[in-house]
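Undergrad: Okay, handing you the structure first.
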Amino acid sequence: MIPSTFEYHRPDDLAAVIALLQEHGDEARVVAGGHSLIPMMKLRMADPAHLIDLQGLSDLKGIEIGDVIRIGAMTTQAEIIDHDGLAEAAPIMAEAARQIADPQVRNLGTVGGNIANGDPGNDMPGLMQCLDARFTLVGPDGTREVAARDFYEAAYVTTREEEEVLTAVSFDRPRGGYAYEKQKRKIGDYATAAAAVQIVAEGGRVSAASVAMTNLSDVPVFSAAAGAALEGTACGEEAVQAAVAAMLGDIDPMEDNRGPVEFKKHVAGVILARAIVRAWSRA
Amino acid sequence: MSDKMHLKLTVNGEAHETLAEPRELLIHVLREQLGITGPHIGCETSHCGACTVDMGGKSVKACTVFAAQAQGAEITTVEGLGAPDGLHVLQEMFREHHGLQCGFCTPGMITRAWRLLQDNPSPTEEEVRFGMSGNLCRCTGYQNIVKAILAAADQMNAMKEAAE
Amino acid sequence: MKDLPDTEERKAGLKGLGCSRKRVEDARFTQGKGNYVDDIKMAGMLHGDFVRSPYAHARVKSINAEAALALPGVIAVLTAKDLEPLGLHWMPTLAGDKQMVLADGKVLFQGQEVAFVVATDRYIAADAVDLVEVDYEDLPVVVDPFKAQDPDAPVLREDLEGVTEGAHGPRRHHNHIFTWEAGDEAGANAAIDGAEVVAEETIYYHRTHPCPLETCGCVASMDKVNGKLTLYGTFQAPHVVRTVASLLSGIDEHNIRVVSPDIGGGFGNKVGVYPGYVCSIVATIVTGKPVKWVEDRMENLMATAFARDYWMTGRIGATKDGRITGLHAHVTADHGAFDACADPTKFPAGFFHICTGSYDIPAAYCAVDGIYTNKAPGGVAYRCSFRVTEAAYFIERMIEVLAIKLGMDAAELRAKNFIRKEQFPYTSALGWEYDSGDYHTAWDKALKAVGYEALRKEQAERVEAFKRGETRKLLGIGLTHFTEIVGAGPVKNCDILGMGMFDSCEIRIHPTGSAIARLGTISQGQGHATTFAQILASEIGISADKITVEEGDTDTAPYGLGTYGSRSTPVAGAATAMAGRKIRAKAQMIAAYLLEVHDDDLEWDIDRFVVKGAPERFKTMAEIAYASYNQAIPGVEPGLEAVSYYDPPNMTYPFGAYICVMEIDVDTGEHEIRQFYALDDCGTRINPMIIEGQVHGGLTEALAIAMGQEIAYDDIGNVKTGTLMDFFLPTAWETPHYTTDHTETPSPHHPIGAKGVGESPNVGGVPAFSNAVHDAFRAFGLTQTHMPHDHWRIWKTARDLGLHG
């Protein structure tokens with residue numbers, strides 16, 4: 001497994017990155033941790049002529065905690081797990097990151113890479129749906145923000161323009177209980193089904209709920225209907241099943257080695273129900 | 001073939017300079033250019049961890065890092081752990097507890113364990129199993145690897161205490 | 001006279017049999033100083049890489065290598081046309097078939113070798129592979145061994161059209177390879193037809209792959225000036241490779257040196273001869289430069305030897321109270337595109353006829369049909385003796401199926417039918433002579449150790465709780481009592497390509513009392529350098545620490561058949577003991593001369609010969625060794641060396657009792673192994689630490705096979721499980737903790753009573769895990785569901801039984 005040749009660039013500011021993207025168009029790819037892109041290149045399923053390494057851009061790293069949480073695109077999954085402030089402000093982040101790949105991969109794999117390449121198997125995109133995150137994209141025409149829920153169009157297809165770079169994700173400090181529940185065949189696997197849930201409880205009732213699913217469609221799935229099914233309820237069995245039923249209307253899994261569609265739908269329901277129960281218990 | 005880069009790496013405390021194509025993988029540069037053949041190639045898709053090295057204080061899989069990305073990096077491999085006349089405690093404990101058989105996963109395993117014990121000097125068995133889950137072994141069934149790492153942690157902690 | 005250490009101390013100092021000696025290999029490996037094939041670097045070395053077929057069945061209409069050859073650094077692109085004048089475009093397989101080295105007119109499986117690119121480095125070689133243009137015309141694909149037998153099924157092997165007699169008898173269809181049978185079919189049928197209770201079932205043991213962490217590879221180096229070929233490679237049988245290389249290439253065998261360096265696990269994957277080796281040899285002969293070929297993981301999983309793929313149909317008859325009266329087995333064996341099974345020549349289905357297992361079954365019959373399909377060739381013994389894991393899985397499933405039919409506890413049914421201790425040596429209805437065993441003792445110990453009755457009680461309570469809706473988890477108790485057959489084998493009926501399956505050991509004692517032993521086997525992690533020295537230490541009274549063990553270099557090691565099928569301890573271990581005894585016999589003559597007594601007046605005492613009745617008069621082995629080099633002893637040649645080629649009189653029959661306790665989530669199909677108890681009886685135990693390590697490792701491979709690992713194909717022959725994302729190898733996280741135990745029933749015919757253990761845990765582990773899954777659902781009416789028991793298949797089982805409401 002040997003990648004094709006490419007020219008390597010390691011610019012040290014964003015302007016230079018964008019200039020390279022403008023110059024080389026679809027012949028260029030940016031690389032962060034490389035753990036999505038490099039395996040594809042080794043299989044020669046991707047062969048960019050220009051590889052733009054973002055590691056020289058130190059301002060793409062880092063986690064800012066406030067009412068809004070901002071995570072630089074080059075922040076690694078390991079850094080997510082180890083960040084005390086984030087653990088307090090948005091514990092779902094570490095809970096999800098711990099279920100991604102393995103320790104070595106998490107040391108290099110970044111939040112931005114996981115989000116930007118559009119692989120429906122990645123966990124962060126689903127989580128970002130749940131958190132209603134905004135993605136900061138910088139391009140030749142400046143900076144814009146895209147809602148995570150508007151970002152994904154199809155597998156590996158996003159609204160990011162070729163000449164844009166994802167620099168950060170931000171989301172409001174999540175409230176209430178949380179859970180990231182993932183079924184996989186083994187460490188290092190993508191989800192058979194995964195669910196991200198945030199629930200706010202007020203007076204024993206769900207006042208707000210957000211539900212998103214991973215690897216159950218060609219894009220991450222935000223299920224507004226599932227959240228709505230929980231809102232106003234005491235999050236009992238009936239409400240959970242209503243949320244599951246609503247979610248099932250929003251997913252469209254494909255058969256693969258993890259199993260047939262019917263199985264995935266069933267597991268999606270079980271995993272979501274578990275996530276809701278766990279999030280509610282923490283709400 | 002594209003133009004070669006002038007690559008500078010510090011490996012096991014020694015400065016190395018070499019020419020490499022940007023697409024060359026770190027594992028190939030280490031093994032074929034620098035003759036550091038401890039880290040191995042097992043799966044090539046970042047699942048098995050046989051190629052694990054320590055880069056900038058973190059365990060990474062050298063089969064999924066371009067040499068160009070490692071430009072200027074400080075790297076430690078299994079060759080850099082022990083002393084010329086003696087084994088590192090981890091190496092010693094792997095022998096003591098039969099934590100290896102064919103030896104192919106062992107350099108990656110030990111290099112990963114070395115970092116794990118720096119990040120978490122007194123891990124539980126569960127933490128060891130989770131922390132080592134990026135390294136596959138086909139021979140041992142892991143039981144003795146886990147035992148060896150826990151024993152090494154104990155010894156290293158005792159040595160640290162004695163030194164204080 | 002010096003003060004003597006006491007007997008116990010002297011014995012302990014030997015680090016001989018029974019000692020958990022630390023491994024001598026480990027200092028090297030833990031420091032990263034192993035020397036594996038891909039570590040070998042030679043001046044001017046070239047790299048080979050394959051163009052492989054994307055199709056499972058296609059006509060190769062043309063190959064255009066122009067663009068590849070134009071790439072700077074590309075030295076050659078070999079195709080079948082280039083190999084044909086040398087007669088090397090096809091090669092013989094170990095199973096009496098032949099296999100294309102490079103596609104000759106058509107391809108028969110996805111990943112098949114089509115052209116071999118040779119370049120100055122591996123990056124250029126990979127680029128060149130992409131530049132070779134192959135024009136294919138696809139042909140209908142057959143991946144189902146039953147459909148392959150349809151009258152109008154596509155002809156896969158056009159080279160065999162009209163050939164009605166194969167290497168193992170008549171072929172009855174163009175995709176049929178052989179039918180092989182054992183036992184008395186009429187007798188077995190009569191016993192079953194007349195039985196009070198009959199159980200029938202079809203059991204599939206799916207296709208999988210040994211997948212050692214190191215893939216296969218070699219470095220071939222031809223010195224054209226002196227005509228010598230050196231071949232380094234991942235060979236579990238280096239001497240056989242040398243013979244095959246000589247026969248294929250025409251190079252005299254003395255001019256070929258085959259070296260197996262350190263091997264990163266084999267598990268049967270590295271027994272066969274692969275096209276990569278042949279192409280590398282041709283390339284070095286053509287270029288005069290060393291050529292390295294190392295496959296990547298996808299190539300390893302797609303194209304090198306698979307394992308299993310047996311469809312096994314059984315009928316078993318019994319009395320109402322559970323005495324088995326007869327067994328009938330039929331197997332449809334999917335061998336892929338070429339019959340490249342690594343079995344002893346006379347056994348195209350390996351030792352599948354050990355399928356009566358641990359049970360005293362008076363009448364039995366089995367037949368195996370080998371079939372061609374558009375899948376990779378292979379059929380190797382993946383950490384088991386030849387087709388023994390299939391046999392053990394078959395009988396251990398059939399016992400469970402019968403227990404269900406009888407409404408009987410499966411542990412009790414086993415105990416009722418075990419071959420009794422006093423029946424050994426026991427001749428089975430399928431013709432094997434079991435050497436020794438004490439199954440009841442092992443079984444009782446195992447059941448007691450896990451608290452079997454309490455477990456069954458808990459299980460029954462769990463079923464009730466499940467029915468009441470209080471839990472969604474079921475409890476399975478997986479039982480297995482397996483009997484292995486290893487140590488192939490007696491030359492009278494076991495050979496590989498005509499080479500008798502003996503093994504060998506050559507020992508030289510150095511003047512100062514240390515030694516070197518060389519063997520015809522090759523360790524791939526089993527720790528031979530440690531354990532063979534222990535066998536020898538106990539035989540010749542020299543500490544294991546002073547004995548170097550060397551294997552794998554055909555220029556220095558005596559000829560042997562290699563390491564697979566748990567044969568090293570039973571065969572080479574025996575050769576080691578026998579060579580040691582020759583040393584001791586000569587030492588006794590020397591000691592007698594030195595002590596001026598008759599040979600018969602001496603007795604052996606740990607590390608010395610002592611004059612009977614005069615313990616102060618003795619000569620240690622070290623003293624004798626020195627004397628053998630510096631004294632003229634009448635009638636005795638100088639030096640102290642011996643060699644033994646050991647032809648085993650019989651196989652050995654290790655056995656064990658395994659119990660797995662598993663929790664199963666019926667909603668997600670996930671499982672958790674709560675307890676795994678493994679009792680092994682491998683006869684005399686050489687190094688308990690190593691035995692335990694072998695058991696842990698084998699069980700983990702069994703876990704993988706039973707619970708998820710497979711080589712799966714889609715309908716058009718694409719491999720669906722080509723990387724370690726999809727091909728299941730458990731990590732430390734998914735692997736449970738194991739409890740090991742043992743009994744010790746020595747083999748009566750082995751010089752030290754040892755039987756071999758490396759493969760038992762795979763053979764016994766697979767049915768233990770699988771039976772646990774089945775057992776969890778027994779109360780809900782499940783009889784049989786096929787492996788691998790991954791999440792969705794377990795879920796489907798639950799669904800089919802109506803457990804999802």
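Scheme for the structure tokens: letters A, B, ... for chains in order shown; per-chain residue numbers from 1; ligand numbers from 1 in order shown.
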May I ask you to extract the residues of chain C within 8 Å of chain B, using only C-alpha atoms, and to give them as a PyMOL selection string?
TA: chain C and resi 22-23+26-27+29-34+39+124+212-215+262-265+296-297+524-527+689-690+693-694+696-701+723-725+729-733+735+737-738
Undergrad: Would you return as a ChimeraX atom specification the members of chain B that DSSP assigns to alpha helix (DSSP H) on this structure's backbone?
TA: /B:26-28,89-96,106-119,125-131,143-163
Undergrad: Closest to chain B among A:Val261, A:Val105, A:Ala179, A:Leu272, using only C-alpha atoms?
TA: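 Once distances to chain B are computed over only C-alpha atoms, the minimum belongs to A:Val105.
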Undergrad: Could you check the closest approach to chain A for each of C:Ala126, C:Leu86, C:Val101, C:Ala349 and tell me which residue wins, using only C-alpha atoms?
TA: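 Going through C:Ala126, C:Leu86, C:Val101, C:Ala349 one by one, the smallest distance to chain A is for C:Ala126.
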Undergrad: Do you know which residues are at most 10 Å from A:Leu20 counting only C-alpha atoms, after dropping those on the same chain fewer than 2 positions away, and could you put them as a ChimeraX atom specification?
TA: /A:9,11,14-18,22-25,28-30,50-52,163
Undergrad: Quick one: residues within 7 Å of A:Asn107, only C-alpha atoms, excluding same-chain residues fewer than 3 positions away - as a ChimeraX atom specification?
TA: /A:76-78,103-104 /B:58-60
Undergrad: Quick one: residues within 12 Å of B:Ala158, only C-alpha atoms, excluding same-chain residues fewer than 5 positions away - as a ChimeraX atom specification?
TA: /B:89,121-122,151-153,163-164
Undergrad: Using only C-alpha atoms, which protein or nucleic acid residues come within 9 Å of stretch 760-762 of chain C? Drop anything in the same chain fewer than 4 positions from it, and give the result as a PyMOL selection string.
TA: chain C and resi 382-385+389+482-484+566+654-656+658+678+680+682+694-703+705+756+766-767
